[in-house]
Amino acid sequence: MEKEQEQRLAMNEALFRDVNERIREISDTFGQKDATYDFLCECSDPECAERVVLTSAEYEHVRAVSTRFVVAKGHAMPEIESVVEQAKDHVIVEKEGEAADVAIQLDK
Ligand SMILES: [Zn+2]
């Protein structure tokens, strides 16, 4: 895959991650500890509107590693990431190569 395309895909995912981070912040403020929330699928498709259900703590667990993202089942892209954990309705992927560099740079 072209370096530029790989960077663009990684940036889409980082954008979804920012939105999810807000959801988690709000859930921490108002929600209950073990309640589940609808997070956006963080796959590289900018048109994707799929939701994944996680508790705030589960999402925090994904966020603990800057190169990890949560995506809906079947949305992982083997060219730029590998599946590290499988859950009922979602998988946790870890970026590789160029995509990992972008993910680290954009993590706040
Ligand atoms: Zn998706």
# chains A, B, ... in the order shown; residues from 1 in each chain; ligands from 1
$ residues_near_ligand --ligand "ligand 1" --cutoff "10 Å" --atoms "only C-alpha atoms and all ligand atoms" --output "ChimeraX atom specification"
/A:13,16,40-52,70-77,90
$ select_by_dssp --residues "region 18-79 of chain A" --states "strand (DSSP E or B)" --output "ChimeraX atom specification"
/A:36-40,51-55,68-72
$ write_last_selection --atoms "C-alpha atoms" --output "compact mmCIF listing (two decimals), in the first residue's frame"
# COMPACT_ATOMS: atom_id res chain seq x y z
CA THR A 36 -22.06 0.13 28.40
CA TYR A 37 -21.87 2.84 25.77
CA ASP A 38 -22.06 3.00 21.99
CA PHE A 39 -18.64 3.89 20.65
CA LEU A 40 -17.94 4.56 16.99
CA ARG A 51 -21.27 1.21 16.60
CA VAL A 52 -19.49 -1.03 19.04
CA VAL A 53 -20.67 -1.55 22.61
CA LEU A 54 -18.11 -1.32 25.40
CA THR A 55 -18.00 -0.23 29.00
CA ARG A 68 -4.64 0.03 19.38
CA PHE A 69 -8.11 0.73 18.05
CA VAL A 70 -11.54 -0.85 18.47
CA VAL A 71 -13.42 -1.80 15.30
CA ALA A 72 -16.62 -3.71 14.51
$ residues_around --residues "Asp107 (chain A)" --least-positions-apart "6" --cutoff "9 Å" --atoms "only C-alpha atoms" --output "ChimeraX atom specification"
/A:14,17-18,66-67
$ atom_distance --atom1 "CA of Lys95 (chain A)" --atom2 "CA of Ser27 (chain A)"
26.3 Å
$ residues_around --residues "Met11 (chain A)" --least-positions-apart "3" --cutoff "9 Å" --atoms "only C-alpha atoms" --output "list in words"
Glu6, Gln7, Arg8, Ala14, Leu15, Phe16, Ser44, Ala99, Val102, Ala103 and Leu106 of chain A
$ write_last_selection --atoms "N, CA and C atoms" --output "PDB file, in the first residue's frame"
ATOM      1  N   GLU A   6      -1.788   4.964   3.316  1.00  0.00           N
ATOM      2  CA  GLU A   6      -1.724   4.376   4.642  1.00  0.00           C
ATOM      3  C   GLU A   6      -1.869   5.461   5.710  1.00  0.00           C
ATOM      4  N   GLN A   7      -1.226   6.610   5.477  1.00  0.00           N
ATOM      5  CA  GLN A   7      -1.331   7.729   6.417  1.00  0.00           C
ATOM      6  C   GLN A   7      -2.757   8.241   6.504  1.00  0.00           C
ATOM      7  N   ARG A   8      -3.427   8.322   5.345  1.00  0.00           N
ATOM      8  CA  ARG A   8      -4.785   8.838   5.315  1.00  0.00           C
ATOM      9  C   ARG A   8      -5.733   7.918   6.092  1.00  0.00           C
ATOM     10  N   ALA A  14      -7.816   7.911  13.685  1.00  0.00           N
ATOM     11  CA  ALA A  14      -7.484   8.788  14.811  1.00  0.00           C
ATOM     12  C   ALA A  14      -8.624   9.776  15.074  1.00  0.00           C
ATOM     13  N   LEU A  15      -9.313  10.175  14.020  1.00  0.00           N
ATOM     14  CA  LEU A  15     -10.454  11.088  14.149  1.00  0.00           C
ATOM     15  C   LEU A  15     -11.585  10.420  14.932  1.00  0.00           C
ATOM     16  N   PHE A  16     -11.901   9.187  14.573  1.00  0.00           N
ATOM     17  CA  PHE A  16     -12.933   8.431  15.306  1.00  0.00           C
ATOM     18  C   PHE A  16     -12.514   8.261  16.756  1.00  0.00           C
ATOM     19  N   SER A  44     -10.892   2.203   9.248  1.00  0.00           N
ATOM     20  CA  SER A  44     -10.331   3.215   8.355  1.00  0.00           C
ATOM     21  C   SER A  44     -11.324   3.734   7.314  1.00  0.00           C
ATOM     22  N   ALA A  99       1.067   3.329   9.601  1.00  0.00           N
ATOM     23  CA  ALA A  99      -0.186   3.586  10.315  1.00  0.00           C
ATOM     24  C   ALA A  99       0.060   3.693  11.814  1.00  0.00           C
ATOM     25  N   VAL A 102       1.584   7.170  12.593  1.00  0.00           N
ATOM     26  CA  VAL A 102       0.564   8.220  12.576  1.00  0.00           C
ATOM     27  C   VAL A 102      -0.283   8.141  13.842  1.00  0.00           C
ATOM     28  N   ALA A 103      -0.664   6.936  14.237  1.00  0.00           N
ATOM     29  CA  ALA A 103      -1.489   6.751  15.423  1.00  0.00           C
ATOM     30  C   ALA A 103      -0.799   7.294  16.673  1.00  0.00           C
ATOM     31  N   LEU A 106      -0.684  11.207  16.612  1.00  0.00           N
ATOM     32  CA  LEU A 106      -1.964  11.887  16.819  1.00  0.00           C
ATOM     33  C   LEU A 106      -2.590  11.565  18.169  1.00  0.00           C
TER      34      LEU A 106
END
$ closest_residue --among "A:Ile26, A:Arg63, A:Glu58, A:Gln105" --to "Ala87 (chain A)" --atoms "only C-alpha atoms"
A:Glu58
$ closest_residue --among "A:Val93, A:Glu2, A:Asp34, A:Val62" --to "Asn20 (chain A)" --atoms "only C-alpha atoms"
A:Val62
$ select_by_dssp --residues "chain A" --states "alpha helix (DSSP H)" --output "PyMOL selection string"
chain A and resi 3-30+56-63+97-106
$ write_last_selection --atoms "N, CA and C atoms" --output "compact mmCIF listing (two decimals), in the first residue's frame"
# COMPACT_ATOMS: atom_id res chain seq x y z
N LYS A 3 2.41 4.78 0.88
CA LYS A 3 2.63 5.41 2.19
C LYS A 3 1.56 6.46 2.47
N GLU A 4 1.25 7.25 1.44
CA GLU A 4 0.29 8.34 1.61
C GLU A 4 -1.11 7.81 1.95
N GLN A 5 -1.49 6.75 1.26
CA GLN A 5 -2.81 6.16 1.51
C GLN A 5 -2.87 5.58 2.91
N GLU A 6 -1.79 4.96 3.32
CA GLU A 6 -1.72 4.38 4.64
C GLU A 6 -1.87 5.46 5.71
N GLN A 7 -1.23 6.61 5.48
CA GLN A 7 -1.33 7.73 6.42
C GLN A 7 -2.76 8.24 6.50
N ARG A 8 -3.43 8.32 5.34
CA ARG A 8 -4.79 8.84 5.31
C ARG A 8 -5.73 7.92 6.09
N LEU A 9 -5.57 6.63 5.88
CA LEU A 9 -6.40 5.65 6.59
C LEU A 9 -6.19 5.78 8.10
N ALA A 10 -4.95 5.94 8.49
CA ALA A 10 -4.63 6.05 9.91
C ALA A 10 -5.23 7.32 10.50
N MET A 11 -5.28 8.40 9.71
CA MET A 11 -5.83 9.65 10.20
C MET A 11 -7.34 9.56 10.41
N ASN A 12 -8.03 8.85 9.52
CA ASN A 12 -9.47 8.63 9.70
C ASN A 12 -9.71 7.95 11.04
N GLU A 13 -8.91 6.95 11.32
CA GLU A 13 -9.09 6.20 12.55
C GLU A 13 -8.82 7.06 13.77
N ALA A 14 -7.82 7.91 13.68
CA ALA A 14 -7.48 8.79 14.81
C ALA A 14 -8.62 9.78 15.07
N LEU A 15 -9.31 10.17 14.02
CA LEU A 15 -10.45 11.09 14.15
C LEU A 15 -11.58 10.42 14.93
N PHE A 16 -11.90 9.19 14.57
CA PHE A 16 -12.93 8.43 15.31
C PHE A 16 -12.51 8.26 16.76
N ARG A 17 -11.23 8.07 16.95
CA ARG A 17 -10.71 7.87 18.30
C ARG A 17 -10.96 9.12 19.17
N ASP A 18 -10.77 10.30 18.57
CA ASP A 18 -11.02 11.54 19.31
C ASP A 18 -12.47 11.64 19.75
N VAL A 19 -13.39 11.28 18.85
CA VAL A 19 -14.81 11.31 19.19
C VAL A 19 -15.10 10.34 20.33
N ASN A 20 -14.55 9.15 20.23
CA ASN A 20 -14.77 8.13 21.26
C ASN A 20 -14.21 8.55 22.61
N GLU A 21 -13.10 9.24 22.55
CA GLU A 21 -12.48 9.71 23.79
C GLU A 21 -13.43 10.67 24.53
N ARG A 22 -14.14 11.52 23.76
CA ARG A 22 -15.15 12.42 24.34
C ARG A 22 -16.28 11.60 24.97
N ILE A 23 -16.74 10.57 24.25
CA ILE A 23 -17.82 9.72 24.77
C ILE A 23 -17.39 9.12 26.11
N ARG A 24 -16.16 8.67 26.16
CA ARG A 24 -15.65 8.06 27.39
C ARG A 24 -15.58 9.09 28.52
N GLU A 25 -15.11 10.30 28.21
CA GLU A 25 -15.03 11.35 29.24
C GLU A 25 -16.40 11.64 29.82
N ILE A 26 -17.38 11.78 28.92
CA ILE A 26 -18.74 12.08 29.37
C ILE A 26 -19.31 10.92 30.19
N SER A 27 -19.07 9.70 29.74
CA SER A 27 -19.59 8.54 30.46
C SER A 27 -18.95 8.45 31.84
N ASP A 28 -17.68 8.83 31.95
CA ASP A 28 -17.01 8.81 33.25
C ASP A 28 -17.63 9.83 34.20
N THR A 29 -18.05 10.96 33.64
CA THR A 29 -18.61 12.03 34.46
C THR A 29 -20.02 11.71 34.93
N PHE A 30 -20.85 11.20 33.99
CA PHE A 30 -22.26 11.04 34.30
C PHE A 30 -22.71 9.59 34.47
N SER A 56 -16.98 1.80 29.73
CA SER A 56 -15.94 2.83 29.77
C SER A 56 -14.58 2.22 30.09
N ALA A 57 -14.57 1.27 31.02
CA ALA A 57 -13.32 0.61 31.42
C ALA A 57 -12.72 -0.19 30.27
N GLU A 58 -13.59 -0.86 29.50
CA GLU A 58 -13.10 -1.64 28.36
C GLU A 58 -12.47 -0.72 27.31
N TYR A 59 -13.12 0.43 27.11
CA TYR A 59 -12.57 1.37 26.13
C TYR A 59 -11.23 1.92 26.60
N GLU A 60 -11.17 2.24 27.88
CA GLU A 60 -9.93 2.73 28.50
C GLU A 60 -8.79 1.74 28.27
N HIS A 61 -9.13 0.47 28.37
CA HIS A 61 -8.16 -0.62 28.18
C HIS A 61 -7.58 -0.60 26.76
N VAL A 62 -8.43 -0.32 25.76
CA VAL A 62 -7.95 -0.22 24.38
C VAL A 62 -7.03 1.00 24.25
N ARG A 63 -7.47 2.12 24.81
CA ARG A 63 -6.76 3.40 24.75
C ARG A 63 -5.39 3.39 25.41
N GLY A 97 3.60 -0.47 11.05
CA GLY A 97 4.30 0.39 10.09
C GLY A 97 3.88 1.84 10.14
N GLU A 98 3.67 2.41 8.96
CA GLU A 98 3.31 3.83 8.81
C GLU A 98 2.08 4.19 9.63
N ALA A 99 1.07 3.33 9.60
CA ALA A 99 -0.19 3.59 10.32
C ALA A 99 0.06 3.69 11.81
N ALA A 100 0.98 2.90 12.33
CA ALA A 100 1.31 2.95 13.76
C ALA A 100 1.98 4.28 14.09
N ASP A 101 2.87 4.74 13.21
CA ASP A 101 3.55 6.03 13.43
C ASP A 101 2.55 7.16 13.52
N VAL A 102 1.58 7.17 12.59
CA VAL A 102 0.56 8.22 12.58
C VAL A 102 -0.28 8.14 13.84
N ALA A 103 -0.66 6.94 14.24
CA ALA A 103 -1.49 6.75 15.42
C ALA A 103 -0.80 7.29 16.67
N ILE A 104 0.50 7.07 16.76
CA ILE A 104 1.26 7.54 17.93
C ILE A 104 1.35 9.07 17.90
N GLN A 105 1.64 9.63 16.72
CA GLN A 105 1.75 11.09 16.59
C GLN A 105 0.47 11.80 16.98
N LEU A 106 -0.68 11.21 16.61
CA LEU A 106 -1.96 11.89 16.82
C LEU A 106 -2.59 11.56 18.17
$ decode --residues "chain A" --atoms "C-alpha atoms" --output "PDB file, in the first residue's frame"
ATOM      1  CA  MET A   1       0.000   0.000   0.000  1.00  0.00           C
ATOM      2  CA  GLU A   2       1.171   3.558  -0.769  1.00  0.00           C
ATOM      3  CA  LYS A   3       2.633   5.410   2.187  1.00  0.00           C
ATOM      4  CA  GLU A   4       0.287   8.342   1.609  1.00  0.00           C
ATOM      5  CA  GLN A   5      -2.809   6.157   1.506  1.00  0.00           C
ATOM      6  CA  GLU A   6      -1.724   4.376   4.642  1.00  0.00           C
ATOM      7  CA  GLN A   7      -1.331   7.729   6.417  1.00  0.00           C
ATOM      8  CA  ARG A   8      -4.785   8.838   5.315  1.00  0.00           C
ATOM      9  CA  LEU A   9      -6.400   5.653   6.595  1.00  0.00           C
ATOM     10  CA  ALA A  10      -4.634   6.048   9.914  1.00  0.00           C
ATOM     11  CA  MET A  11      -5.833   9.648  10.205  1.00  0.00           C
ATOM     12  CA  ASN A  12      -9.466   8.626   9.704  1.00  0.00           C
ATOM     13  CA  GLU A  13      -9.094   6.196  12.548  1.00  0.00           C
ATOM     14  CA  ALA A  14      -7.484   8.788  14.811  1.00  0.00           C
ATOM     15  CA  LEU A  15     -10.454  11.088  14.149  1.00  0.00           C
ATOM     16  CA  PHE A  16     -12.933   8.431  15.306  1.00  0.00           C
ATOM     17  CA  ARG A  17     -10.713   7.867  18.301  1.00  0.00           C
ATOM     18  CA  ASP A  18     -11.017  11.542  19.306  1.00  0.00           C
ATOM     19  CA  VAL A  19     -14.815  11.312  19.187  1.00  0.00           C
ATOM     20  CA  ASN A  20     -14.774   8.131  21.265  1.00  0.00           C
ATOM     21  CA  GLU A  21     -12.479   9.714  23.795  1.00  0.00           C
ATOM     22  CA  ARG A  22     -15.148  12.419  24.342  1.00  0.00           C
ATOM     23  CA  ILE A  23     -17.823   9.722  24.773  1.00  0.00           C
ATOM     24  CA  ARG A  24     -15.655   8.063  27.388  1.00  0.00           C
ATOM     25  CA  GLU A  25     -15.029  11.346  29.236  1.00  0.00           C
ATOM     26  CA  ILE A  26     -18.741  12.083  29.369  1.00  0.00           C
ATOM     27  CA  SER A  27     -19.586   8.543  30.461  1.00  0.00           C
ATOM     28  CA  ASP A  28     -17.014   8.814  33.249  1.00  0.00           C
ATOM     29  CA  THR A  29     -18.606  12.027  34.462  1.00  0.00           C
ATOM     30  CA  PHE A  30     -22.264  11.036  34.303  1.00  0.00           C
ATOM     31  CA  GLY A  31     -22.405   7.301  33.846  1.00  0.00           C
ATOM     32  CA  GLN A  32     -22.196   4.300  36.055  1.00  0.00           C
ATOM     33  CA  LYS A  33     -19.027   2.301  36.198  1.00  0.00           C
ATOM     34  CA  ASP A  34     -20.242  -0.880  34.525  1.00  0.00           C
ATOM     35  CA  ALA A  35     -22.713   0.690  32.104  1.00  0.00           C
ATOM     36  CA  THR A  36     -22.057   0.126  28.402  1.00  0.00           C
ATOM     37  CA  TYR A  37     -21.868   2.839  25.771  1.00  0.00           C
ATOM     38  CA  ASP A  38     -22.061   3.002  21.993  1.00  0.00           C
ATOM     39  CA  PHE A  39     -18.638   3.886  20.653  1.00  0.00           C
ATOM     40  CA  LEU A  40     -17.938   4.556  16.989  1.00  0.00           C
ATOM     41  CA  CYS A  41     -16.206   1.863  15.012  1.00  0.00           C
ATOM     42  CA  GLU A  42     -12.630   3.151  14.595  1.00  0.00           C
ATOM     43  CA  CYS A  43     -11.994   1.432  11.267  1.00  0.00           C
ATOM     44  CA  SER A  44     -10.331   3.215   8.355  1.00  0.00           C
ATOM     45  CA  ASP A  45     -13.558   3.706   6.362  1.00  0.00           C
ATOM     46  CA  PRO A  46     -14.622   7.372   6.796  1.00  0.00           C
ATOM     47  CA  GLU A  47     -18.216   6.426   5.831  1.00  0.00           C
ATOM     48  CA  CYS A  48     -18.511   3.727   8.463  1.00  0.00           C
ATOM     49  CA  ALA A  49     -21.340   4.390  10.917  1.00  0.00           C
ATOM     50  CA  GLU A  50     -21.120   1.109  12.779  1.00  0.00           C
ATOM     51  CA  ARG A  51     -21.273   1.209  16.596  1.00  0.00           C
ATOM     52  CA  VAL A  52     -19.489  -1.028  19.039  1.00  0.00           C
ATOM     53  CA  VAL A  53     -20.671  -1.550  22.614  1.00  0.00           C
ATOM     54  CA  LEU A  54     -18.113  -1.322  25.398  1.00  0.00           C
ATOM     55  CA  THR A  55     -17.996  -0.232  28.996  1.00  0.00           C
ATOM     56  CA  SER A  56     -15.944   2.826  29.769  1.00  0.00           C
ATOM     57  CA  ALA A  57     -13.320   0.614  31.421  1.00  0.00           C
ATOM     58  CA  GLU A  58     -13.096  -1.636  28.358  1.00  0.00           C
ATOM     59  CA  TYR A  59     -12.566   1.372  26.127  1.00  0.00           C
ATOM     60  CA  GLU A  60      -9.933   2.734  28.497  1.00  0.00           C
ATOM     61  CA  HIS A  61      -8.161  -0.616  28.182  1.00  0.00           C
ATOM     62  CA  VAL A  62      -7.948  -0.216  24.379  1.00  0.00           C
ATOM     63  CA  ARG A  63      -6.759   3.399  24.752  1.00  0.00           C
ATOM     64  CA  ALA A  64      -3.925   2.345  27.052  1.00  0.00           C
ATOM     65  CA  VAL A  65      -1.859   1.516  23.949  1.00  0.00           C
ATOM     66  CA  SER A  66      -1.686   4.320  21.348  1.00  0.00           C
ATOM     67  CA  THR A  67      -1.479   1.962  18.396  1.00  0.00           C
ATOM     68  CA  ARG A  68      -4.641   0.032  19.385  1.00  0.00           C
ATOM     69  CA  PHE A  69      -8.112   0.728  18.055  1.00  0.00           C
ATOM     70  CA  VAL A  70     -11.536  -0.850  18.466  1.00  0.00           C
ATOM     71  CA  VAL A  71     -13.423  -1.795  15.296  1.00  0.00           C
ATOM     72  CA  ALA A  72     -16.616  -3.708  14.513  1.00  0.00           C
ATOM     73  CA  LYS A  73     -16.283  -7.390  13.618  1.00  0.00           C
ATOM     74  CA  GLY A  74     -15.095  -7.711  10.019  1.00  0.00           C
ATOM     75  CA  HIS A  75     -13.798  -4.115   9.818  1.00  0.00           C
ATOM     76  CA  ALA A  76     -10.135  -4.857  10.499  1.00  0.00           C
ATOM     77  CA  MET A  77      -7.768  -4.092   7.613  1.00  0.00           C
ATOM     78  CA  PRO A  78      -4.998  -6.725   7.541  1.00  0.00           C
ATOM     79  CA  GLU A  79      -2.786  -4.467   5.361  1.00  0.00           C
ATOM     80  CA  ILE A  80      -2.217  -1.957   8.155  1.00  0.00           C
ATOM     81  CA  GLU A  81      -3.205  -3.688  11.388  1.00  0.00           C
ATOM     82  CA  SER A  82      -3.450  -7.032  13.142  1.00  0.00           C
ATOM     83  CA  VAL A  83      -6.187  -8.310  15.437  1.00  0.00           C
ATOM     84  CA  VAL A  84      -4.952  -8.613  19.024  1.00  0.00           C
ATOM     85  CA  GLU A  85      -8.241  -9.254  20.885  1.00  0.00           C
ATOM     86  CA  GLN A  86     -11.680 -10.566  19.897  1.00  0.00           C
ATOM     87  CA  ALA A  87     -14.919  -9.737  21.683  1.00  0.00           C
ATOM     88  CA  LYS A  88     -18.566 -10.478  20.941  1.00  0.00           C
ATOM     89  CA  ASP A  89     -19.320  -7.577  18.578  1.00  0.00           C
ATOM     90  CA  HIS A  90     -15.928  -5.988  18.086  1.00  0.00           C
ATOM     91  CA  VAL A  91     -12.220  -6.685  17.722  1.00  0.00           C
ATOM     92  CA  ILE A  92      -9.191  -4.784  18.971  1.00  0.00           C
ATOM     93  CA  VAL A  93      -6.573  -4.133  16.323  1.00  0.00           C
ATOM     94  CA  GLU A  94      -2.999  -2.982  16.562  1.00  0.00           C
ATOM     95  CA  LYS A  95      -1.480  -0.777  13.864  1.00  0.00           C
ATOM     96  CA  GLU A  96       1.716  -1.602  12.057  1.00  0.00           C
ATOM     97  CA  GLY A  97       4.298   0.387  10.091  1.00  0.00           C
ATOM     98  CA  GLU A  98       3.315   3.825   8.811  1.00  0.00           C
ATOM     99  CA  ALA A  99      -0.186   3.586  10.315  1.00  0.00           C
ATOM    100  CA  ALA A 100       1.310   2.946  13.756  1.00  0.00           C
ATOM    101  CA  ASP A 101       3.553   6.029  13.431  1.00  0.00           C
ATOM    102  CA  VAL A 102       0.564   8.220  12.576  1.00  0.00           C
ATOM    103  CA  ALA A 103      -1.489   6.751  15.423  1.00  0.00           C
ATOM    104  CA  ILE A 104       1.263   7.543  17.926  1.00  0.00           C
ATOM    105  CA  GLN A 105       1.752  11.088  16.588  1.00  0.00           C
ATOM    106  CA  LEU A 106      -1.964  11.887  16.819  1.00  0.00           C
ATOM    107  CA  ASP A 107      -2.499  10.369  20.261  1.00  0.00           C
ATOM    108  CA  LYS A 108      -3.007  13.036  22.869  1.00  0.00           C
TER     109      LYS A 108
END
